>>> print(open('query14.txt').read())   # compact mmCIF, N, CA and C atoms
# COMPACT_ATOMS: atom_id res chain seq x y z
N MET A 5 106.32 -34.46 76.88
CA MET A 5 105.55 -33.23 76.99
C MET A 5 104.54 -33.19 75.85
N THR A 6 103.33 -32.84 76.18
CA THR A 6 102.30 -32.79 75.16
C THR A 6 102.44 -31.53 74.32
N ILE A 7 101.83 -31.54 73.16
CA ILE A 7 101.85 -30.36 72.27
C ILE A 7 101.24 -29.17 72.99
N LYS A 8 100.13 -29.39 73.69
CA LYS A 8 99.43 -28.29 74.37
C LYS A 8 100.35 -27.66 75.43
N ALA A 9 101.05 -28.46 76.17
CA ALA A 9 101.96 -27.93 77.19
C ALA A 9 103.08 -27.12 76.54
N TYR A 10 103.60 -27.62 75.43
CA TYR A 10 104.64 -26.88 74.69
C TYR A 10 104.11 -25.54 74.22
N GLN A 11 102.90 -25.54 73.65
CA GLN A 11 102.32 -24.30 73.15
C GLN A 11 102.12 -23.30 74.29
N ASN A 12 101.66 -23.78 75.43
CA ASN A 12 101.47 -22.88 76.58
C ASN A 12 102.79 -22.29 77.04
N THR A 13 103.84 -23.11 77.08
CA THR A 13 105.17 -22.63 77.46
C THR A 13 105.68 -21.61 76.45
N GLN A 14 105.45 -21.87 75.16
CA GLN A 14 105.88 -20.95 74.11
C GLN A 14 105.21 -19.59 74.29
N LEU A 15 103.93 -19.59 74.56
CA LEU A 15 103.20 -18.34 74.72
C LEU A 15 103.69 -17.56 75.93
N ILE A 16 104.06 -18.25 76.99
CA ILE A 16 104.55 -17.58 78.19
C ILE A 16 105.93 -17.00 77.94
N ALA A 17 106.77 -17.72 77.19
CA ALA A 17 108.16 -17.30 76.98
C ALA A 17 108.31 -16.25 75.90
N GLU A 18 107.34 -16.11 75.01
CA GLU A 18 107.44 -15.15 73.91
C GLU A 18 107.20 -13.73 74.40
N ASP A 19 107.95 -12.80 73.82
CA ASP A 19 107.61 -11.41 74.07
C ASP A 19 106.57 -11.00 73.03
N PRO A 20 105.89 -9.88 73.22
CA PRO A 20 104.81 -9.49 72.30
C PRO A 20 105.26 -9.38 70.84
N ARG A 21 106.47 -8.89 70.59
CA ARG A 21 106.95 -8.79 69.21
C ARG A 21 107.07 -10.17 68.56
N GLN A 22 107.57 -11.13 69.33
CA GLN A 22 107.69 -12.48 68.79
C GLN A 22 106.32 -13.07 68.49
N THR A 23 105.37 -12.81 69.36
CA THR A 23 104.01 -13.30 69.14
C THR A 23 103.41 -12.68 67.89
N GLU A 24 103.57 -11.36 67.74
CA GLU A 24 103.06 -10.68 66.55
C GLU A 24 103.74 -11.20 65.29
N TYR A 25 105.05 -11.40 65.35
CA TYR A 25 105.79 -11.92 64.21
C TYR A 25 105.27 -13.31 63.81
N ARG A 26 105.09 -14.16 64.82
CA ARG A 26 104.62 -15.52 64.56
C ARG A 26 103.22 -15.49 63.94
N LEU A 27 102.35 -14.65 64.48
CA LEU A 27 100.99 -14.55 63.95
C LEU A 27 100.98 -14.01 62.52
N PHE A 28 101.78 -12.98 62.26
CA PHE A 28 101.88 -12.47 60.89
C PHE A 28 102.39 -13.56 59.96
N GLY A 29 103.34 -14.36 60.44
CA GLY A 29 103.86 -15.46 59.62
C GLY A 29 102.79 -16.47 59.26
N GLN A 30 101.94 -16.81 60.23
CA GLN A 30 100.88 -17.78 59.99
C GLN A 30 99.84 -17.22 59.01
N VAL A 31 99.44 -15.99 59.23
CA VAL A 31 98.43 -15.37 58.36
C VAL A 31 98.98 -15.19 56.94
N THR A 32 100.21 -14.71 56.84
CA THR A 32 100.82 -14.50 55.53
C THR A 32 101.01 -15.83 54.82
N GLY A 33 101.36 -16.86 55.57
CA GLY A 33 101.47 -18.20 55.00
C GLY A 33 100.15 -18.67 54.41
N ALA A 34 99.05 -18.38 55.09
CA ALA A 34 97.73 -18.75 54.56
C ALA A 34 97.42 -18.00 53.28
N LEU A 35 97.80 -16.71 53.23
CA LEU A 35 97.59 -15.94 52.00
C LEU A 35 98.42 -16.50 50.85
N ILE A 36 99.67 -16.85 51.13
CA ILE A 36 100.56 -17.39 50.10
C ILE A 36 100.03 -18.74 49.61
N THR A 37 99.57 -19.57 50.52
CA THR A 37 99.01 -20.87 50.14
C THR A 37 97.79 -20.68 49.24
N ALA A 38 96.93 -19.74 49.61
CA ALA A 38 95.74 -19.46 48.78
C ALA A 38 96.16 -18.97 47.41
N GLN A 39 97.18 -18.14 47.36
CA GLN A 39 97.66 -17.60 46.09
C GLN A 39 98.24 -18.70 45.20
N ARG A 40 99.09 -19.52 45.77
CA ARG A 40 99.77 -20.56 44.99
C ARG A 40 98.82 -21.64 44.49
N SER A 41 97.79 -21.92 45.27
CA SER A 41 96.87 -22.98 44.88
C SER A 41 95.75 -22.47 43.98
N GLY A 42 95.71 -21.14 43.79
CA GLY A 42 94.65 -20.58 42.96
C GLY A 42 93.29 -20.71 43.62
N THR A 43 93.30 -20.78 44.93
CA THR A 43 92.07 -20.95 45.71
C THR A 43 91.10 -19.81 45.43
N THR A 44 89.83 -20.16 45.34
CA THR A 44 88.77 -19.16 45.21
C THR A 44 87.67 -19.51 46.21
N GLY A 45 86.69 -18.65 46.29
CA GLY A 45 85.55 -18.93 47.15
C GLY A 45 85.91 -18.96 48.62
N GLY A 46 85.34 -19.92 49.33
CA GLY A 46 85.49 -20.03 50.77
C GLY A 46 86.93 -20.03 51.29
N PRO A 47 87.80 -20.90 50.77
CA PRO A 47 89.18 -20.93 51.27
C PRO A 47 89.92 -19.60 51.08
N LEU A 48 89.72 -18.95 49.96
CA LEU A 48 90.34 -17.64 49.74
C LEU A 48 89.77 -16.63 50.72
N ALA A 49 88.45 -16.62 50.85
CA ALA A 49 87.80 -15.67 51.75
C ALA A 49 88.24 -15.88 53.19
N GLU A 50 88.47 -17.13 53.59
CA GLU A 50 88.93 -17.41 54.95
C GLU A 50 90.32 -16.83 55.20
N ALA A 51 91.22 -17.02 54.26
CA ALA A 51 92.58 -16.48 54.41
C ALA A 51 92.56 -14.96 54.45
N VAL A 52 91.80 -14.36 53.56
CA VAL A 52 91.71 -12.90 53.50
C VAL A 52 91.04 -12.36 54.77
N ASP A 53 90.01 -13.05 55.25
CA ASP A 53 89.32 -12.61 56.46
C ASP A 53 90.22 -12.73 57.69
N TRP A 54 91.01 -13.78 57.76
CA TRP A 54 91.95 -13.94 58.88
C TRP A 54 92.92 -12.76 58.89
N ASN A 55 93.42 -12.40 57.73
CA ASN A 55 94.33 -11.26 57.62
C ASN A 55 93.63 -9.97 58.04
N ARG A 56 92.41 -9.80 57.59
CA ARG A 56 91.64 -8.59 57.92
C ARG A 56 91.39 -8.51 59.44
N LYS A 57 91.10 -9.65 60.06
CA LYS A 57 90.89 -9.69 61.51
C LYS A 57 92.16 -9.32 62.27
N LEU A 58 93.29 -9.81 61.79
CA LEU A 58 94.57 -9.46 62.42
C LEU A 58 94.76 -7.95 62.39
N TRP A 59 94.57 -7.35 61.22
CA TRP A 59 94.75 -5.91 61.09
C TRP A 59 93.73 -5.12 61.89
N ARG A 60 92.50 -5.61 61.94
CA ARG A 60 91.47 -4.93 62.73
C ARG A 60 91.82 -4.96 64.21
N THR A 61 92.38 -6.08 64.68
CA THR A 61 92.81 -6.19 66.07
C THR A 61 93.95 -5.23 66.35
N LEU A 62 94.91 -5.15 65.44
CA LEU A 62 96.02 -4.21 65.61
C LEU A 62 95.51 -2.77 65.67
N ALA A 63 94.57 -2.43 64.79
CA ALA A 63 94.02 -1.07 64.78
C ALA A 63 93.31 -0.77 66.09
N ALA A 64 92.52 -1.71 66.58
CA ALA A 64 91.81 -1.50 67.84
C ALA A 64 92.80 -1.28 68.98
N ASP A 65 93.88 -2.04 68.97
CA ASP A 65 94.91 -1.88 70.00
C ASP A 65 95.57 -0.50 69.89
N CYS A 66 95.79 -0.06 68.68
CA CYS A 66 96.43 1.25 68.48
C CYS A 66 95.51 2.42 68.85
N LEU A 67 94.22 2.20 68.82
CA LEU A 67 93.26 3.24 69.20
C LEU A 67 93.08 3.34 70.71
N ASP A 68 93.60 2.36 71.43
CA ASP A 68 93.52 2.35 72.89
C ASP A 68 94.56 3.32 73.46
N ASP A 69 94.12 4.21 74.32
CA ASP A 69 95.02 5.21 74.90
C ASP A 69 96.15 4.61 75.73
N ARG A 70 96.00 3.37 76.15
CA ARG A 70 97.05 2.71 76.94
C ARG A 70 98.19 2.18 76.06
N ASN A 71 97.98 2.16 74.74
CA ASN A 71 99.03 1.69 73.83
C ASN A 71 100.23 2.63 73.93
N GLN A 72 101.41 2.07 74.10
CA GLN A 72 102.61 2.87 74.33
C GLN A 72 103.43 3.14 73.08
N LEU A 73 102.96 2.70 71.93
CA LEU A 73 103.68 3.03 70.70
C LEU A 73 103.56 4.53 70.43
N PRO A 74 104.53 5.09 69.71
CA PRO A 74 104.42 6.51 69.35
C PRO A 74 103.14 6.78 68.55
N GLN A 75 102.56 7.94 68.79
CA GLN A 75 101.28 8.30 68.17
C GLN A 75 101.32 8.17 66.64
N GLY A 76 102.40 8.62 66.02
CA GLY A 76 102.51 8.54 64.56
C GLY A 76 102.49 7.11 64.06
N LEU A 77 103.18 6.22 64.74
CA LEU A 77 103.20 4.81 64.36
C LEU A 77 101.82 4.20 64.52
N ARG A 78 101.16 4.53 65.61
CA ARG A 78 99.81 4.03 65.84
C ARG A 78 98.88 4.49 64.72
N ALA A 79 98.99 5.74 64.33
CA ALA A 79 98.15 6.27 63.24
C ALA A 79 98.43 5.54 61.93
N ASN A 80 99.70 5.25 61.67
CA ASN A 80 100.07 4.53 60.44
C ASN A 80 99.48 3.11 60.43
N ILE A 81 99.50 2.45 61.58
CA ILE A 81 98.95 1.10 61.67
C ILE A 81 97.44 1.13 61.43
N VAL A 82 96.76 2.12 62.02
CA VAL A 82 95.32 2.25 61.79
C VAL A 82 95.04 2.51 60.31
N SER A 83 95.84 3.37 59.70
CA SER A 83 95.68 3.67 58.28
C SER A 83 95.89 2.42 57.43
N LEU A 84 96.92 1.65 57.73
CA LEU A 84 97.15 0.39 57.00
C LEU A 84 95.98 -0.57 57.19
N SER A 85 95.45 -0.61 58.38
CA SER A 85 94.31 -1.49 58.65
C SER A 85 93.11 -1.11 57.77
N LEU A 86 92.87 0.17 57.64
CA LEU A 86 91.78 0.63 56.78
C LEU A 86 92.03 0.24 55.32
N TRP A 87 93.29 0.40 54.88
CA TRP A 87 93.63 0.01 53.52
C TRP A 87 93.45 -1.50 53.33
N VAL A 88 93.91 -2.30 54.30
CA VAL A 88 93.77 -3.76 54.21
C VAL A 88 92.29 -4.14 54.07
N THR A 89 91.44 -3.51 54.85
CA THR A 89 90.00 -3.81 54.77
C THR A 89 89.46 -3.48 53.38
N LYS A 90 89.82 -2.31 52.89
CA LYS A 90 89.32 -1.89 51.57
C LYS A 90 89.87 -2.80 50.46
N TYR A 91 91.18 -3.06 50.49
CA TYR A 91 91.78 -3.87 49.43
C TYR A 91 91.30 -5.32 49.50
N SER A 92 91.03 -5.81 50.70
CA SER A 92 90.54 -7.18 50.84
C SER A 92 89.23 -7.39 50.10
N LYS A 93 88.41 -6.36 50.07
CA LYS A 93 87.16 -6.44 49.31
C LYS A 93 87.45 -6.57 47.82
N GLU A 94 88.49 -5.90 47.36
CA GLU A 94 88.88 -6.02 45.95
C GLU A 94 89.31 -7.45 45.63
N VAL A 95 89.99 -8.07 46.58
CA VAL A 95 90.45 -9.45 46.37
C VAL A 95 89.27 -10.40 46.30
N THR A 96 88.39 -10.31 47.29
CA THR A 96 87.31 -11.29 47.36
C THR A 96 86.19 -11.03 46.36
N ARG A 97 85.97 -9.78 46.00
CA ARG A 97 84.86 -9.47 45.10
C ARG A 97 85.27 -9.37 43.64
N LYS A 98 86.51 -8.92 43.39
CA LYS A 98 86.92 -8.66 42.01
C LYS A 98 88.13 -9.48 41.57
N GLY A 99 88.64 -10.33 42.45
CA GLY A 99 89.76 -11.17 42.08
C GLY A 99 91.10 -10.46 42.01
N ALA A 100 91.24 -9.34 42.73
CA ALA A 100 92.52 -8.62 42.76
C ALA A 100 93.61 -9.52 43.33
N SER A 101 94.83 -9.20 43.00
CA SER A 101 95.99 -9.98 43.44
C SER A 101 96.18 -9.92 44.95
N LEU A 102 96.65 -11.02 45.52
CA LEU A 102 96.98 -11.06 46.94
C LEU A 102 98.35 -10.44 47.22
N ASP A 103 99.13 -10.19 46.17
CA ASP A 103 100.50 -9.69 46.36
C ASP A 103 100.59 -8.47 47.27
N PRO A 104 99.77 -7.44 47.10
CA PRO A 104 99.91 -6.27 47.98
C PRO A 104 99.68 -6.59 49.46
N LEU A 105 98.72 -7.46 49.76
CA LEU A 105 98.49 -7.86 51.15
C LEU A 105 99.69 -8.62 51.71
N ILE A 106 100.22 -9.52 50.91
CA ILE A 106 101.39 -10.31 51.31
C ILE A 106 102.58 -9.39 51.52
N ASP A 107 102.78 -8.44 50.61
CA ASP A 107 103.92 -7.52 50.71
C ASP A 107 103.85 -6.66 51.96
N VAL A 108 102.67 -6.15 52.28
CA VAL A 108 102.52 -5.32 53.49
C VAL A 108 102.84 -6.16 54.73
N ASN A 109 102.31 -7.37 54.78
CA ASN A 109 102.58 -8.22 55.93
C ASN A 109 104.07 -8.54 56.06
N ARG A 110 104.71 -8.83 54.95
CA ARG A 110 106.15 -9.13 54.99
C ARG A 110 106.94 -7.91 55.47
N THR A 111 106.55 -6.73 55.05
CA THR A 111 107.23 -5.52 55.49
C THR A 111 107.09 -5.35 57.01
N ILE A 112 105.90 -5.59 57.52
CA ILE A 112 105.67 -5.50 58.96
C ILE A 112 106.51 -6.55 59.68
N MET A 113 106.57 -7.75 59.14
CA MET A 113 107.38 -8.81 59.75
C MET A 113 108.85 -8.41 59.80
N GLN A 114 109.35 -7.78 58.75
CA GLN A 114 110.75 -7.32 58.74
C GLN A 114 110.98 -6.29 59.84
N GLY A 115 110.02 -5.40 60.01
CA GLY A 115 110.13 -4.41 61.07
C GLY A 115 110.10 -5.05 62.45
N LEU A 116 109.24 -6.01 62.65
CA LEU A 116 109.17 -6.70 63.94
C LEU A 116 110.45 -7.47 64.20
N GLU A 117 110.98 -8.08 63.17
CA GLU A 117 112.21 -8.87 63.32
C GLU A 117 113.40 -7.96 63.62
N GLY A 118 113.47 -6.82 62.94
CA GLY A 118 114.57 -5.89 63.15
C GLY A 118 114.51 -5.18 64.49
N ALA A 119 113.30 -5.03 65.03
CA ALA A 119 113.14 -4.31 66.30
C ALA A 119 113.32 -5.23 67.49
N ALA A 120 113.33 -6.54 67.24
CA ALA A 120 113.44 -7.49 68.36
C ALA A 120 114.81 -7.50 68.96
>>> encode(input="query14.txt", output="structure tokens")
Amino acid sequence: MTIKAYQNTQLIAEDPRQTEYRLFGQVTGALITAQRSGTTGGPLAEAVDWNRKLWRTLAADCLDDRNQLPQGLRANIVSLSLWVTKYSKEVTRKGASLDPLIDVNRTIMQGLEGAA
């Protein structure tokens, strides 16, 4: 079986929580790698931007009236997304620590794992 066929099967078999968990794991892993290697410039900006895109996508989904999550949870996710965007600028422009972004993602991953 080719890698592509395996990946397609994985995507079909995963429920949305598993997919979100896996994606958060990949994005958080990129942030941790950037942090450990002391990456600056382009590689750091790429990891931070990937994280910001993930959160922006989650916020857009939460703003959709078809989203079935409770309204309060949706509002919290949108609020976190706004914070991630703002704090990401601190990281890329002023060299702020990646720890808060990593911590938020890990907390979300724990929630996704516990809810599965």
>>> atom_distance(input="query14.txt", atom1="CA of Pro104 in chain A", atom2="CA of Val82 in chain A")
16.9 Å
>>> closest_residue(input="query14.txt", among="A:Thr32, A:Lys57, A:Gln39, A:Asn71", to="Ser101 in chain A", atoms="only N, CA and C atoms")
A:Gln39
>>> select_by_dssp(input="query14.txt", residues="range 59-93 of chain A", states="alpha helix (DSSP H)", output="list in words")
Trp59, Arg60, Thr61, Leu62, Ala63, Ala64, Asp65, Cys66, Leu67, Gln75, Gly76, Leu77, Arg78, Ala79, Asn80, Ile81, Val82, Ser83, Leu84, Ser85, Leu86, Trp87, Val88, Thr89, Lys90, Tyr91, Ser92 and Lys93 of chain A
>>> atom_distance(input="query14.txt", atom1="CA of Asp53 in chain A", atom2="atom C of Glu18 in chain A")
25.4 Å
>>> axis_aligned_box(input="query14.txt", around="range 69-77 of chain A", padding_each_side="4 Å", output="AutoDock Vina command-line options")
--center_x 99.3 --center_y 5.2 --center_z 70.5 --size_x 18.4 --size_y 14.9 --size_z 20.9
>>> closest_residue(input="query14.txt", among="A:Lys90, A:Gln22, A:Leu27, A:Lys98", to="Leu58 in chain A", atoms="all atoms listed in the file")
A:Leu27
>>> atom_distance(input="query14.txt", atom1="CA of Gly99 in chain A", atom2="CA of Ala79 in chain A")
28.7 Å
>>> residues_around(input="query14.txt", residues="Met113 in chain A", least_positions_apart="4", cutoff="8 Å", atoms="all atoms listed in the file", output="short mmCIF file (atom, residue, chain, number, x, y, z; two decimals) with N, CA and C atoms, in the coordinates of the input")
data_model
loop_
_atom_site.label_atom_id
_atom_site.label_comp_id
_atom_site.auth_asym_id
_atom_site.auth_seq_id
_atom_site.Cartn_x
_atom_site.Cartn_y
_atom_site.Cartn_z
N GLU A 24 103.57 -11.36 67.74
CA GLU A 24 103.06 -10.68 66.55
C GLU A 24 103.74 -11.20 65.29
N TYR A 25 105.05 -11.40 65.35
CA TYR A 25 105.79 -11.92 64.21
C TYR A 25 105.27 -13.31 63.81
N ARG A 26 105.09 -14.16 64.82
CA ARG A 26 104.62 -15.52 64.56
C ARG A 26 103.22 -15.49 63.94
N PHE A 28 101.78 -12.98 62.26
CA PHE A 28 101.88 -12.47 60.89
C PHE A 28 102.39 -13.56 59.96
N GLY A 29 103.34 -14.36 60.44
CA GLY A 29 103.86 -15.46 59.62
C GLY A 29 102.79 -16.47 59.26
N ASP A 107 102.78 -8.44 50.61
CA ASP A 107 103.92 -7.52 50.71
C ASP A 107 103.85 -6.66 51.96
N VAL A 108 102.67 -6.15 52.28
CA VAL A 108 102.52 -5.32 53.49
C VAL A 108 102.84 -6.16 54.73
N ASN A 109 102.31 -7.37 54.78
CA ASN A 109 102.58 -8.22 55.93
C ASN A 109 104.07 -8.54 56.06
N GLU A 117 110.98 -8.08 63.17
CA GLU A 117 112.21 -8.87 63.32
C GLU A 117 113.40 -7.96 63.62
N GLY A 118 113.47 -6.82 62.94
CA GLY A 118 114.57 -5.89 63.15
C GLY A 118 114.51 -5.18 64.49
N ALA A 119 113.30 -5.03 65.03
CA ALA A 119 113.14 -4.31 66.30
C ALA A 119 113.32 -5.23 67.49
#
>>> closest_residue(input="query14.txt", among="A:Glu50, A:Gly33, A:Asp68, A:Arg21", to="Gly115 in chain A", atoms="only C-alpha atoms")
A:Arg21
